[in-house]
Each structure stands twice: as C-alpha cells, then as structure tokens.
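A.B. asks: Hey, dropping protein07.cif in here, mmCIF, N, CA and C atoms:
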data_work
loop_
_atom_site.label_atom_id
_atom_site.label_comp_id
_atom_site.auth_asym_id
_atom_site.auth_seq_id
_atom_site.Cartn_x
_atom_site.Cartn_y
_atom_site.Cartn_z
N MET L 21 -39.11 26.59 -0.91
CA MET L 21 -38.50 25.30 -1.10
C MET L 21 -37.81 25.26 -2.46
N LYS L 22 -36.64 24.67 -2.50
CA LYS L 22 -35.89 24.58 -3.75
C LYS L 22 -36.51 23.54 -4.67
N ASN L 23 -36.27 23.73 -5.93
CA ASN L 23 -36.74 22.80 -6.95
C ASN L 23 -35.98 21.47 -6.81
N PRO L 24 -36.67 20.32 -6.67
CA PRO L 24 -36.00 19.02 -6.51
C PRO L 24 -35.09 18.69 -7.70
N ARG L 25 -35.46 19.15 -8.86
CA ARG L 25 -34.64 18.90 -10.05
C ARG L 25 -33.30 19.63 -9.93
N PHE L 26 -33.33 20.85 -9.39
CA PHE L 26 -32.11 21.62 -9.18
C PHE L 26 -31.17 20.89 -8.23
N ILE L 27 -31.72 20.34 -7.15
CA ILE L 27 -30.91 19.63 -6.16
C ILE L 27 -30.26 18.40 -6.79
N VAL L 28 -30.99 17.64 -7.57
CA VAL L 28 -30.44 16.45 -8.24
C VAL L 28 -29.31 16.86 -9.19
N VAL L 29 -29.49 17.89 -9.96
CA VAL L 29 -28.46 18.35 -10.89
C VAL L 29 -27.24 18.85 -10.12
N PHE L 30 -27.47 19.60 -9.04
CA PHE L 30 -26.38 20.12 -8.24
C PHE L 30 -25.55 18.99 -7.63
N VAL L 31 -26.19 18.02 -7.02
CA VAL L 31 -25.49 16.88 -6.41
C VAL L 31 -24.75 16.09 -7.49
N SER L 32 -25.35 15.89 -8.64
CA SER L 32 -24.70 15.16 -9.73
C SER L 32 -23.43 15.87 -10.19
N LEU L 33 -23.47 17.19 -10.28
CA LEU L 33 -22.29 17.96 -10.67
C LEU L 33 -21.17 17.84 -9.64
N ILE L 34 -21.53 17.86 -8.38
CA ILE L 34 -20.52 17.72 -7.32
C ILE L 34 -19.87 16.34 -7.40
N VAL L 35 -20.67 15.30 -7.57
CA VAL L 35 -20.12 13.94 -7.69
C VAL L 35 -19.22 13.84 -8.92
N LEU L 36 -19.62 14.40 -10.03
CA LEU L 36 -18.80 14.39 -11.24
C LEU L 36 -17.48 15.12 -11.02
N LEU L 37 -17.55 16.28 -10.39
CA LEU L 37 -16.34 17.05 -10.11
C LEU L 37 -15.38 16.28 -9.21
N MET L 38 -15.92 15.63 -8.19
CA MET L 38 -15.07 14.84 -7.28
C MET L 38 -14.43 13.66 -8.01
N SER L 39 -15.17 13.01 -8.87
CA SER L 39 -14.61 11.85 -9.57
C SER L 39 -13.54 12.26 -10.58
N ILE L 40 -13.63 13.44 -11.14
CA ILE L 40 -12.62 13.93 -12.08
C ILE L 40 -11.34 14.31 -11.36
N THR L 41 -11.47 14.92 -10.18
CA THR L 41 -10.29 15.41 -9.47
C THR L 41 -9.69 14.39 -8.51
N TRP L 42 -10.33 13.27 -8.28
CA TRP L 42 -9.82 12.24 -7.37
C TRP L 42 -8.57 11.63 -7.96
N THR L 43 -7.51 11.54 -7.18
CA THR L 43 -6.25 10.98 -7.68
C THR L 43 -5.85 9.77 -6.84
N ASP L 44 -4.84 9.05 -7.32
CA ASP L 44 -4.32 7.91 -6.57
C ASP L 44 -3.81 8.35 -5.21
N ASP L 45 -3.25 9.55 -5.11
CA ASP L 45 -2.71 10.01 -3.84
C ASP L 45 -3.80 10.18 -2.79
N ALA L 46 -5.04 10.31 -3.22
CA ALA L 46 -6.12 10.50 -2.27
C ALA L 46 -6.68 9.17 -1.78
N ARG L 47 -6.30 8.07 -2.40
CA ARG L 47 -6.80 6.76 -2.00
C ARG L 47 -5.97 6.19 -0.86
N ALA L 48 -6.61 5.37 -0.06
CA ALA L 48 -5.90 4.75 1.07
C ALA L 48 -4.84 3.78 0.57
N ASN L 49 -3.74 3.70 1.30
CA ASN L 49 -2.66 2.75 1.06
C ASN L 49 -1.90 2.94 -0.24
N VAL L 50 -2.03 4.04 -0.91
CA VAL L 50 -1.24 4.29 -2.11
C VAL L 50 0.03 5.06 -1.76
N TRP L 51 0.09 5.59 -0.55
CA TRP L 51 1.27 6.35 -0.14
C TRP L 51 2.53 5.51 -0.20
N ASP L 52 2.41 4.18 -0.03
CA ASP L 52 3.61 3.35 0.02
C ASP L 52 4.17 2.98 -1.35
N ARG L 53 3.43 3.23 -2.42
CA ARG L 53 3.89 2.98 -3.79
C ARG L 53 4.33 1.52 -3.98
N LYS L 54 3.72 0.61 -3.27
CA LYS L 54 4.11 -0.80 -3.29
C LYS L 54 4.17 -1.32 -4.73
N THR L 55 5.32 -1.91 -5.06
CA THR L 55 5.56 -2.43 -6.40
C THR L 55 6.16 -3.83 -6.29
N GLU L 56 5.57 -4.77 -6.99
CA GLU L 56 6.11 -6.13 -7.05
C GLU L 56 6.99 -6.24 -8.29
N PHE L 57 8.14 -6.91 -8.15
CA PHE L 57 8.99 -7.14 -9.32
C PHE L 57 9.69 -8.47 -9.20
N SER L 58 10.08 -9.02 -10.34
CA SER L 58 10.80 -10.29 -10.42
C SER L 58 12.10 -10.07 -11.14
N ILE L 59 13.12 -10.83 -10.75
CA ILE L 59 14.40 -10.77 -11.44
C ILE L 59 14.83 -12.20 -11.77
N ASN L 60 15.54 -12.36 -12.89
CA ASN L 60 15.99 -13.69 -13.29
C ASN L 60 17.50 -13.84 -13.19
N GLN L 61 18.17 -12.84 -12.64
CA GLN L 61 19.60 -12.90 -12.39
C GLN L 61 19.89 -12.06 -11.15
N PRO L 62 21.05 -12.26 -10.50
CA PRO L 62 21.34 -11.48 -9.30
C PRO L 62 21.31 -9.97 -9.58
N LEU L 63 20.90 -9.21 -8.58
CA LEU L 63 20.78 -7.76 -8.70
C LEU L 63 21.30 -7.12 -7.42
N ARG L 64 22.23 -6.17 -7.57
CA ARG L 64 22.75 -5.45 -6.41
C ARG L 64 21.83 -4.26 -6.13
N VAL L 65 21.48 -4.12 -4.85
CA VAL L 65 20.60 -3.04 -4.41
C VAL L 65 21.31 -2.22 -3.34
N PRO L 66 20.85 -1.01 -3.05
CA PRO L 66 21.49 -0.20 -2.02
C PRO L 66 21.61 -0.98 -0.71
N GLY L 67 22.67 -0.68 0.01
CA GLY L 67 23.00 -1.44 1.20
C GLY L 67 24.03 -2.49 0.87
N ASN L 68 24.46 -2.49 -0.40
CA ASN L 68 25.43 -3.44 -0.94
C ASN L 68 24.96 -4.87 -0.74
N VAL L 69 23.67 -5.10 -0.99
CA VAL L 69 23.06 -6.42 -0.90
C VAL L 69 22.83 -6.92 -2.32
N VAL L 70 23.12 -8.20 -2.54
CA VAL L 70 22.86 -8.82 -3.84
C VAL L 70 21.65 -9.74 -3.68
N LEU L 71 20.58 -9.41 -4.41
CA LEU L 71 19.38 -10.23 -4.37
C LEU L 71 19.53 -11.39 -5.36
N PRO L 72 19.22 -12.61 -4.95
CA PRO L 72 19.23 -13.71 -5.91
C PRO L 72 17.98 -13.63 -6.79
N PRO L 73 17.95 -14.36 -7.90
CA PRO L 73 16.75 -14.36 -8.73
C PRO L 73 15.52 -14.70 -7.88
N GLY L 74 14.43 -14.02 -8.14
CA GLY L 74 13.21 -14.26 -7.38
C GLY L 74 12.23 -13.12 -7.49
N GLU L 75 11.25 -13.10 -6.60
CA GLU L 75 10.19 -12.08 -6.59
C GLU L 75 10.33 -11.23 -5.34
N TYR L 76 10.15 -9.91 -5.52
CA TYR L 76 10.40 -8.96 -4.44
C TYR L 76 9.34 -7.86 -4.44
N ILE L 77 9.32 -7.13 -3.32
CA ILE L 77 8.46 -5.95 -3.15
C ILE L 77 9.39 -4.78 -2.87
N ILE L 78 9.12 -3.66 -3.53
CA ILE L 78 9.80 -2.40 -3.20
C ILE L 78 8.70 -1.41 -2.84
N LYS L 79 8.91 -0.67 -1.76
CA LYS L 79 7.88 0.29 -1.35
C LYS L 79 8.47 1.36 -0.45
N VAL L 80 7.72 2.45 -0.30
CA VAL L 80 8.08 3.51 0.64
C VAL L 80 7.74 2.98 2.03
N SER L 81 8.66 3.13 2.96
CA SER L 81 8.50 2.54 4.29
C SER L 81 7.59 3.32 5.23
N ASP L 82 7.59 4.64 5.10
CA ASP L 82 6.92 5.46 6.10
C ASP L 82 6.31 6.68 5.43
N PRO L 83 5.02 6.96 5.65
CA PRO L 83 4.40 8.12 5.00
C PRO L 83 5.01 9.44 5.44
N THR L 84 5.65 9.48 6.60
CA THR L 84 6.27 10.71 7.07
C THR L 84 7.68 10.89 6.52
N ALA L 85 8.22 9.84 5.90
CA ALA L 85 9.55 9.89 5.28
C ALA L 85 9.43 9.31 3.87
N PRO L 86 8.88 10.06 2.92
CA PRO L 86 8.55 9.52 1.60
C PRO L 86 9.74 9.07 0.76
N ARG L 87 10.95 9.34 1.20
CA ARG L 87 12.12 8.87 0.45
C ARG L 87 12.77 7.64 1.08
N LEU L 88 12.21 7.16 2.18
CA LEU L 88 12.73 5.96 2.84
C LEU L 88 12.12 4.74 2.14
N VAL L 89 12.98 3.98 1.46
CA VAL L 89 12.55 2.87 0.61
C VAL L 89 13.00 1.55 1.22
N THR L 90 12.14 0.53 1.12
CA THR L 90 12.45 -0.80 1.61
C THR L 90 12.27 -1.81 0.48
N ILE L 91 13.17 -2.79 0.43
CA ILE L 91 13.03 -3.92 -0.49
C ILE L 91 12.88 -5.17 0.36
N MET L 92 11.80 -5.92 0.08
CA MET L 92 11.44 -7.10 0.87
C MET L 92 11.16 -8.29 -0.04
N ASP L 93 11.03 -9.47 0.59
CA ASP L 93 10.61 -10.64 -0.17
C ASP L 93 9.15 -10.46 -0.58
N LYS L 94 8.66 -11.32 -1.48
CA LYS L 94 7.31 -11.14 -2.03
C LYS L 94 6.21 -11.27 -0.98
N ASN L 95 6.51 -11.94 0.16
CA ASN L 95 5.52 -12.09 1.23
C ASN L 95 5.62 -10.99 2.28
N GLU L 96 6.56 -10.08 2.08
CA GLU L 96 6.79 -8.95 2.99
C GLU L 96 7.13 -9.43 4.41
N VAL L 97 7.86 -10.55 4.49
CA VAL L 97 8.29 -11.09 5.78
C VAL L 97 9.73 -10.67 6.05
N LYS L 98 10.59 -10.81 5.06
CA LYS L 98 12.01 -10.51 5.23
C LYS L 98 12.36 -9.20 4.52
N THR L 99 13.03 -8.31 5.25
CA THR L 99 13.52 -7.06 4.69
C THR L 99 14.97 -7.26 4.28
N TYR L 100 15.28 -6.98 3.01
CA TYR L 100 16.66 -7.11 2.51
C TYR L 100 17.45 -5.84 2.72
N THR L 101 16.81 -4.70 2.51
CA THR L 101 17.50 -3.42 2.68
C THR L 101 16.49 -2.30 2.83
N THR L 102 16.89 -1.28 3.57
CA THR L 102 16.12 -0.04 3.71
C THR L 102 17.11 1.10 3.56
N PHE L 103 16.76 2.10 2.77
CA PHE L 103 17.69 3.18 2.46
C PHE L 103 16.91 4.44 2.06
N PHE L 104 17.61 5.56 2.06
CA PHE L 104 17.01 6.81 1.60
C PHE L 104 17.34 7.00 0.12
N ALA L 105 16.31 7.26 -0.66
CA ALA L 105 16.47 7.56 -2.08
C ALA L 105 16.52 9.07 -2.26
N THR L 106 17.05 9.49 -3.38
CA THR L 106 17.08 10.90 -3.74
C THR L 106 15.96 11.16 -4.74
N ALA L 107 15.27 12.28 -4.59
CA ALA L 107 14.21 12.63 -5.53
C ALA L 107 14.84 13.18 -6.81
N GLN L 108 14.46 12.60 -7.94
CA GLN L 108 14.93 13.05 -9.24
C GLN L 108 13.73 13.63 -9.99
N GLU L 109 13.78 14.90 -10.33
CA GLU L 109 12.67 15.55 -11.04
C GLU L 109 12.53 14.99 -12.45
N LEU L 110 11.31 14.77 -12.87
CA LEU L 110 11.02 14.28 -14.22
C LEU L 110 10.31 15.38 -15.01
N ARG L 111 10.55 15.44 -16.28
CA ARG L 111 9.84 16.41 -17.11
C ARG L 111 8.37 16.06 -17.20
N LYS L 112 8.10 14.76 -17.23
CA LYS L 112 6.73 14.30 -17.36
C LYS L 112 6.59 12.98 -16.60
N PRO L 113 5.52 12.78 -15.85
CA PRO L 113 5.34 11.53 -15.12
C PRO L 113 5.29 10.32 -16.06
N VAL L 114 5.73 9.18 -15.57
CA VAL L 114 5.68 7.95 -16.36
C VAL L 114 4.30 7.33 -16.26
N ASP L 115 3.97 6.47 -17.23
CA ASP L 115 2.66 5.83 -17.26
C ASP L 115 2.63 4.48 -16.55
N GLU L 116 3.81 3.90 -16.33
CA GLU L 116 3.87 2.59 -15.69
C GLU L 116 5.12 2.52 -14.81
N VAL L 117 5.15 1.54 -13.93
CA VAL L 117 6.30 1.36 -13.05
C VAL L 117 7.51 0.99 -13.90
N ARG L 118 8.65 1.58 -13.54
CA ARG L 118 9.91 1.26 -14.21
C ARG L 118 11.02 1.16 -13.18
N LEU L 119 11.87 0.17 -13.35
CA LEU L 119 13.08 0.05 -12.55
C LEU L 119 14.25 0.24 -13.49
N LEU L 120 15.14 1.14 -13.15
CA LEU L 120 16.29 1.45 -14.00
C LEU L 120 17.53 0.78 -13.42
N LEU L 121 18.24 0.04 -14.26
CA LEU L 121 19.47 -0.63 -13.84
C LEU L 121 20.66 0.19 -14.29
N GLY L 122 21.70 0.20 -13.45
CA GLY L 122 22.93 0.91 -13.78
C GLY L 122 24.02 -0.06 -14.15
N GLU L 123 25.04 0.46 -14.82
CA GLU L 123 26.16 -0.38 -15.22
C GLU L 123 26.97 -0.81 -14.01
N SER L 124 27.57 -1.97 -14.13
CA SER L 124 28.44 -2.51 -13.08
C SER L 124 29.71 -3.03 -13.74
N PRO L 125 30.77 -3.16 -12.96
CA PRO L 125 31.98 -3.75 -13.52
C PRO L 125 31.70 -5.16 -14.05
N GLU L 126 32.44 -5.54 -15.06
CA GLU L 126 32.25 -6.85 -15.68
C GLU L 126 32.37 -7.96 -14.63
N GLY L 127 31.47 -8.92 -14.70
CA GLY L 127 31.49 -10.04 -13.77
C GLY L 127 30.77 -9.79 -12.46
N THR L 128 30.16 -8.63 -12.30
CA THR L 128 29.41 -8.33 -11.07
C THR L 128 27.94 -8.08 -11.44
N PRO L 129 27.03 -8.29 -10.50
CA PRO L 129 25.60 -8.07 -10.78
C PRO L 129 25.31 -6.60 -11.13
N GLU L 130 24.31 -6.42 -11.99
CA GLU L 130 23.86 -5.06 -12.29
C GLU L 130 23.30 -4.43 -11.03
N GLN L 131 23.30 -3.08 -11.00
CA GLN L 131 22.81 -2.35 -9.84
C GLN L 131 21.44 -1.74 -10.13
N LEU L 132 20.59 -1.77 -9.12
CA LEU L 132 19.30 -1.08 -9.22
C LEU L 132 19.57 0.40 -9.00
N ARG L 133 19.28 1.20 -10.00
CA ARG L 133 19.66 2.62 -10.01
C ARG L 133 18.52 3.56 -9.63
N ALA L 134 17.28 3.26 -10.11
CA ALA L 134 16.16 4.17 -9.85
C ALA L 134 14.83 3.42 -9.98
N TRP L 135 13.81 4.02 -9.39
CA TRP L 135 12.45 3.47 -9.40
C TRP L 135 11.52 4.59 -9.81
N PHE L 136 10.75 4.36 -10.86
CA PHE L 136 9.79 5.34 -11.38
C PHE L 136 8.39 4.80 -11.10
N TYR L 137 7.57 5.61 -10.45
CA TYR L 137 6.21 5.18 -10.11
C TYR L 137 5.22 6.00 -10.94
N PRO L 138 4.19 5.37 -11.50
CA PRO L 138 3.25 6.08 -12.37
C PRO L 138 2.57 7.27 -11.70
N GLY L 139 2.46 8.33 -12.47
CA GLY L 139 1.75 9.52 -12.01
C GLY L 139 2.58 10.49 -11.20
N LEU L 140 3.80 10.12 -10.85
CA LEU L 140 4.65 11.03 -10.06
C LEU L 140 5.57 11.82 -10.98
N ASN L 141 5.85 13.06 -10.60
CA ASN L 141 6.80 13.86 -11.39
C ASN L 141 8.20 13.77 -10.78
N LYS L 142 8.39 12.81 -9.88
CA LYS L 142 9.69 12.55 -9.28
C LYS L 142 9.96 11.05 -9.34
N ALA L 143 11.22 10.71 -9.54
CA ALA L 143 11.65 9.32 -9.48
C ALA L 143 12.45 9.14 -8.21
N PHE L 144 12.55 7.91 -7.76
CA PHE L 144 13.38 7.58 -6.61
C PHE L 144 14.74 7.14 -7.16
N GLU L 145 15.78 7.94 -6.96
CA GLU L 145 17.12 7.59 -7.43
C GLU L 145 17.88 6.99 -6.25
N PHE L 146 18.58 5.88 -6.50
CA PHE L 146 19.22 5.14 -5.42
C PHE L 146 20.70 5.42 -5.35
N PRO L 147 21.26 5.34 -4.14
CA PRO L 147 22.71 5.53 -4.01
C PRO L 147 23.45 4.41 -4.73
N MET L 148 24.51 4.78 -5.43
CA MET L 148 25.30 3.79 -6.15
C MET L 148 26.33 3.18 -5.20
N ILE L 149 26.72 1.98 -5.51
CA ILE L 149 27.69 1.25 -4.71
C ILE L 149 29.01 1.29 -5.45
N SER L 150 30.08 1.59 -4.74
CA SER L 150 31.37 1.67 -5.40
C SER L 150 31.78 0.29 -5.92
N PRO L 151 32.41 0.25 -7.10
CA PRO L 151 32.77 -1.03 -7.72
C PRO L 151 33.65 -1.90 -6.85
N GLY L 152 34.49 -1.33 -5.97
CA GLY L 152 35.38 -2.14 -5.15
C GLY L 152 34.76 -2.63 -3.85
N ALA L 153 33.50 -2.28 -3.60
CA ALA L 153 32.86 -2.66 -2.33
C ALA L 153 32.60 -4.16 -2.28
N THR L 154 32.68 -4.69 -1.10
CA THR L 154 32.41 -6.11 -0.91
C THR L 154 30.92 -6.37 -1.00
N GLN L 155 30.54 -7.42 -1.69
CA GLN L 155 29.12 -7.75 -1.85
C GLN L 155 28.64 -8.56 -0.67
N GLN L 156 27.41 -8.29 -0.25
CA GLN L 156 26.76 -9.09 0.78
C GLN L 156 25.64 -9.86 0.10
N PRO L 157 25.81 -11.17 -0.08
CA PRO L 157 24.71 -11.92 -0.70
C PRO L 157 23.51 -11.95 0.25
N ALA L 158 22.33 -11.83 -0.33
CA ALA L 158 21.12 -11.86 0.48
C ALA L 158 20.77 -13.31 0.77
N ASN L 159 20.43 -13.59 2.02
CA ASN L 159 19.97 -14.94 2.37
C ASN L 159 18.56 -15.11 1.88
N SER L 160 18.25 -16.23 1.29
CA SER L 160 16.88 -16.46 0.80
C SER L 160 16.05 -17.19 1.84
N ASN L 161 16.53 -17.30 3.08
CA ASN L 161 15.76 -17.96 4.15
C ASN L 161 14.67 -17.07 4.65
#
Mind turning this structure into structure tokens?
C.D. replies:
Amino acid sequence: MKNPRFIVVFVSLIVLLMSITWTDDARANVWDRKTEFSINQPLRVPGNVVLPPGEYIIKVSDPTAPRLVTIMDKNEVKTYTTFFATAQELRKPVDEVRLLLGESPEGTPEQLRAWFYPGLNKAFEFPMISPGATQQPANSN
C-alpha cells in the first residue's frame, strides 16, 4: 500500500500544475471573445454601417470560423453587421481589450479598424471602407 502522505502530495502537485497551465481558452464560452463597448459619436464599421452613439457587443460568431465577427446591440437582439476579419500578428499579446480607429475623410465618422483581445498574439483587423462609399445608417430600433 502506498504512503497516504505521498498520495496527498502527488494530488496537490497535479492540482497546482493544472491551475498554472489553465488558460482562458480552456474555459467555456471564452471562444467568442465577447466584448462590450460604448461610443459617444457615430462610428463606421465593416459592412459600411454607421453605428449611432450607444452601447454595443462585438464577438466572434462561430467557434469553427474564428475570424467571423459580429457587432450587435448591447442586448444581443439586433445584429448590425457580420464580416470576416483578417488576423494581424502581434509581437506581444495585449493586456486589455482595445479597439483601434482608423482615419476617415473630414466630415465622416471614424472607422473601426481593429480589435485586440487580451492574451492573444493576433488582432482582428477589419476591412476598410472606401471614402466614396455610401453610408448606411444603422437603425436603432
């Protein structure tokens, strides 16, 4: 029979090792990278949609298509746009969520350019909208 003290130490080491190596990617429902954000001025997003000031959710739509991104209202009832992002390699993962805005022609809303999610070595880079494209205002209904 094994020494009971040995078994306790062995199990404790396994639990410690698991807790050290456990990552966000191993937890349930983190695959979608759900991020809440607020804006205080109109913002153009892929799909040539202009979001009015308000609160929104951005997340990965499907675990089998990790670059398919959706932007929805804060209650996740209305989808404003769904699009494929491009993976942009990062030298070092970011510590917090970041949304990068791109320049726009004067008098037009800024564009959402990229989304950085903590712990990832890739950012989600969004397709840019040509300056001459017609804007589609998002309905807030």
A.B. asks: Return the single residue from L:Glu126, L:Glu96, L:Glu145, L:Glu56 that is closest to Glu109 of chain L, with distances computed using only N, CA and C atoms.
C.D. replies: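 Residue with the minimum atom-to-atom distance to Glu109 of chain L: L:Glu145.
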A.B. asks: For segment 75-79 of chain L, find every residue with an atom within 8 Å (counting only N, CA and C atoms), except residues of its own chain fewer than 3 positions away, and show them as a VMD selection string.
C.D. replies: chain L and resid 51 to 60 72 82 86 to 96
A.B. asks: Export, as a CSV table (one decimal), in the coordinates of the input, the selected residues with N, CA and C atoms.
C.D. replies:
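Saved the output as selection.csv:
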chain,number,residue,atom,x,y,z
L,51,TRP,N,0.1,5.6,-0.6
L,51,TRP,CA,1.3,6.4,-0.1
L,51,TRP,C,2.5,5.5,-0.2
L,52,ASP,N,2.4,4.2,0.0
L,52,ASP,CA,3.6,3.4,0.0
L,52,ASP,C,4.2,3.0,-1.4
L,53,ARG,N,3.4,3.2,-2.4
L,53,ARG,CA,3.9,3.0,-3.8
L,53,ARG,C,4.3,1.5,-4.0
L,54,LYS,N,3.7,0.6,-3.3
L,54,LYS,CA,4.1,-0.8,-3.3
L,54,LYS,C,4.2,-1.3,-4.7
L,55,THR,N,5.3,-1.9,-5.1
L,55,THR,CA,5.6,-2.4,-6.4
L,55,THR,C,6.2,-3.8,-6.3
L,56,GLU,N,5.6,-4.8,-7.0
L,56,GLU,CA,6.1,-6.1,-7.0
L,56,GLU,C,7.0,-6.2,-8.3
L,57,PHE,N,8.1,-6.9,-8.2
L,57,PHE,CA,9.0,-7.1,-9.3
L,57,PHE,C,9.7,-8.5,-9.2
L,58,SER,N,10.1,-9.0,-10.3
L,58,SER,CA,10.8,-10.3,-10.4
L,58,SER,C,12.1,-10.1,-11.1
L,59,ILE,N,13.1,-10.8,-10.8
L,59,ILE,CA,14.4,-10.8,-11.4
L,59,ILE,C,14.8,-12.2,-11.8
L,60,ASN,N,15.5,-12.4,-12.9
L,60,ASN,CA,16.0,-13.7,-13.3
L,60,ASN,C,17.5,-13.8,-13.2
L,72,PRO,N,19.2,-12.6,-5.0
L,72,PRO,CA,19.2,-13.7,-5.9
L,72,PRO,C,18.0,-13.6,-6.8
L,82,ASP,N,7.6,4.6,5.1
L,82,ASP,CA,6.9,5.5,6.1
L,82,ASP,C,6.3,6.7,5.4
L,86,PRO,N,8.9,10.1,2.9
L,86,PRO,CA,8.6,9.5,1.6
L,86,PRO,C,9.7,9.1,0.8
L,87,ARG,N,11.0,9.3,1.2
L,87,ARG,CA,12.1,8.9,0.4
L,87,ARG,C,12.8,7.6,1.1
L,88,LEU,N,12.2,7.2,2.2
L,88,LEU,CA,12.7,6.0,2.8
L,88,LEU,C,12.1,4.7,2.1
L,89,VAL,N,13.0,4.0,1.5
L,89,VAL,CA,12.6,2.9,0.6
L,89,VAL,C,13.0,1.6,1.2
L,90,THR,N,12.1,0.5,1.1
L,90,THR,CA,12.4,-0.8,1.6
L,90,THR,C,12.3,-1.8,0.5
L,91,ILE,N,13.2,-2.8,0.4
L,91,ILE,CA,13.0,-3.9,-0.5
L,91,ILE,C,12.9,-5.2,0.4
L,92,MET,N,11.8,-5.9,0.1
L,92,MET,CA,11.4,-7.1,0.9
L,92,MET,C,11.2,-8.3,0.0
L,93,ASP,N,11.0,-9.5,0.6
L,93,ASP,CA,10.6,-10.6,-0.2
L,93,ASP,C,9.2,-10.5,-0.6
L,94,LYS,N,8.7,-11.3,-1.5
L,94,LYS,CA,7.3,-11.1,-2.0
L,94,LYS,C,6.2,-11.3,-1.0
L,95,ASN,N,6.5,-11.9,0.2
L,95,ASN,CA,5.5,-12.1,1.2
L,95,ASN,C,5.6,-11.0,2.3
L,96,GLU,N,6.6,-10.1,2.1
L,96,GLU,CA,6.8,-9.0,3.0
L,96,GLU,C,7.1,-9.4,4.4
A.B. asks: Between atom CA of Val97 of chain L and atom CA of Ser124 of chain L, what is the distance in Å, rounded to a tenth?
C.D. replies: 28.9 Å
A.B. asks: So the first atom is atom CA of Gln131 of chain L and the second is atom CA of Thr99 of chain L; what is the distance between them in Å, to one decimal place?
C.D. replies: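 Computing the Euclidean distance for atom CA of Gln131 of chain L and atom CA of Thr99 of chain L yields 17.9 Å.
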A.B. asks: List the neighbours of Arg118 of chain L out to 8 Å using only N, CA and C atoms; skip same-chain residues closer than 6 positions along the sequence, and give me the result as a PyMOL selection string.
C.D. replies: chain L and resi 134-138
A.B. asks: Measuring atom to atom with only C-alpha atoms, identify which of L:Val50, L:Leu63, L:Leu119, L:Val70 is nearest to Ala143 of chain L.
C.D. replies: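 When distances to Ala143 of chain L are compared using only C-alpha atoms, the smallest one comes from L:Leu119.
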A.B. asks: Which one of L:Phe144, L:Arg25, L:Leu121, L:Gly67 sits closest to Val80 of chain L if you count only C-alpha atoms?
C.D. replies: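 Checking each of L:Phe144, L:Arg25, L:Leu121, L:Gly67 against Val80 of chain L, counting only C-alpha atoms, the winner is L:Phe144.
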A.B. asks: So the first atom is atom CA of Tyr100 of chain L and the second is atom N of Pro129 of chain L; what is the distance between them in Å, to one decimal place?
C.D. replies: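 Between atom CA of Tyr100 of chain L and atom N of Pro129 of chain L the gap works out to 16.7 Å.
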A.B. asks: I need the residues in segment 59-148 of chain L that are strand (DSSP E) according to DSSP; give them as number ranges by chain.
C.D. replies: L: 59, 63-65, 69-71, 74-82, 85-93, 99-104, 106-109, 118-122, 130-136, 142-145
A.B. asks: Considering only C-alpha atoms, state which residue in the set L:Ala85, L:Leu132, L:Leu140, L:Leu71 is at the smallest distance from Asp115 of chain L.
C.D. replies: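 Closest candidate: L:Leu140.
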A.B. asks: Which polymer residues have any atom within 5 Å of an atom of Val114 of chain L, counting all atoms listed in the file, with same-chain residues fewer than 2 positions away left out, as a list in words?
C.D. replies: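 In the requested format, the answer is Lys112, Glu116, Pro138 and Gly139 of chain L.
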A.B. asks: Save out the residues we just selected, N, CA and C atoms, as an mmCIF file, in the frame of the given file.
C.D. replies:
data_model
loop_
_atom_site.group_PDB
_atom_site.id
_atom_site.type_symbol
_atom_site.label_atom_id
_atom_site.label_comp_id
_atom_site.auth_asym_id
_atom_site.auth_seq_id
_atom_site.Cartn_x
_atom_site.Cartn_y
_atom_site.Cartn_z
ATOM 1 N N LYS L 112 8.100 14.760 -17.230
ATOM 2 C CA LYS L 112 6.730 14.300 -17.360
ATOM 3 C C LYS L 112 6.590 12.980 -16.600
ATOM 4 N N GLU L 116 3.810 3.900 -16.330
ATOM 5 C CA GLU L 116 3.870 2.590 -15.690
ATOM 6 C C GLU L 116 5.120 2.520 -14.810
ATOM 7 N N PRO L 138 4.190 5.370 -11.500
ATOM 8 C CA PRO L 138 3.250 6.080 -12.370
ATOM 9 C C PRO L 138 2.570 7.270 -11.700
ATOM 10 N N GLY L 139 2.460 8.330 -12.470
ATOM 11 C CA GLY L 139 1.750 9.520 -12.010
ATOM 12 C C GLY L 139 2.580 10.490 -11.200
#
A.B. asks: Counting only C-alpha atoms, note down every residue that has an atom within 8 Å of the point (24.9, 2.5, -3.9) (file coordinates), as an NGL selection string.
C.D. replies: :L and (65-68 or 131 or 146-150)
A.B. asks: Could you check which of L:Pro113, L:Glu130, L:Val69, L:Gly122 is closest to Lys142 of chain L, using only N, CA and C atoms?
C.D. replies: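 Using only N, CA and C atoms, the shortest distance to Lys142 of chain L belongs to L:Pro113.
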A.B. asks: Let's see if you can do this: from backbone DSSP, list all helix (DSSP H, G or I) residues in segment 38-142 of chain L, as a PyMOL selection string.
C.D. replies: chain L and resi 38-41+44-46
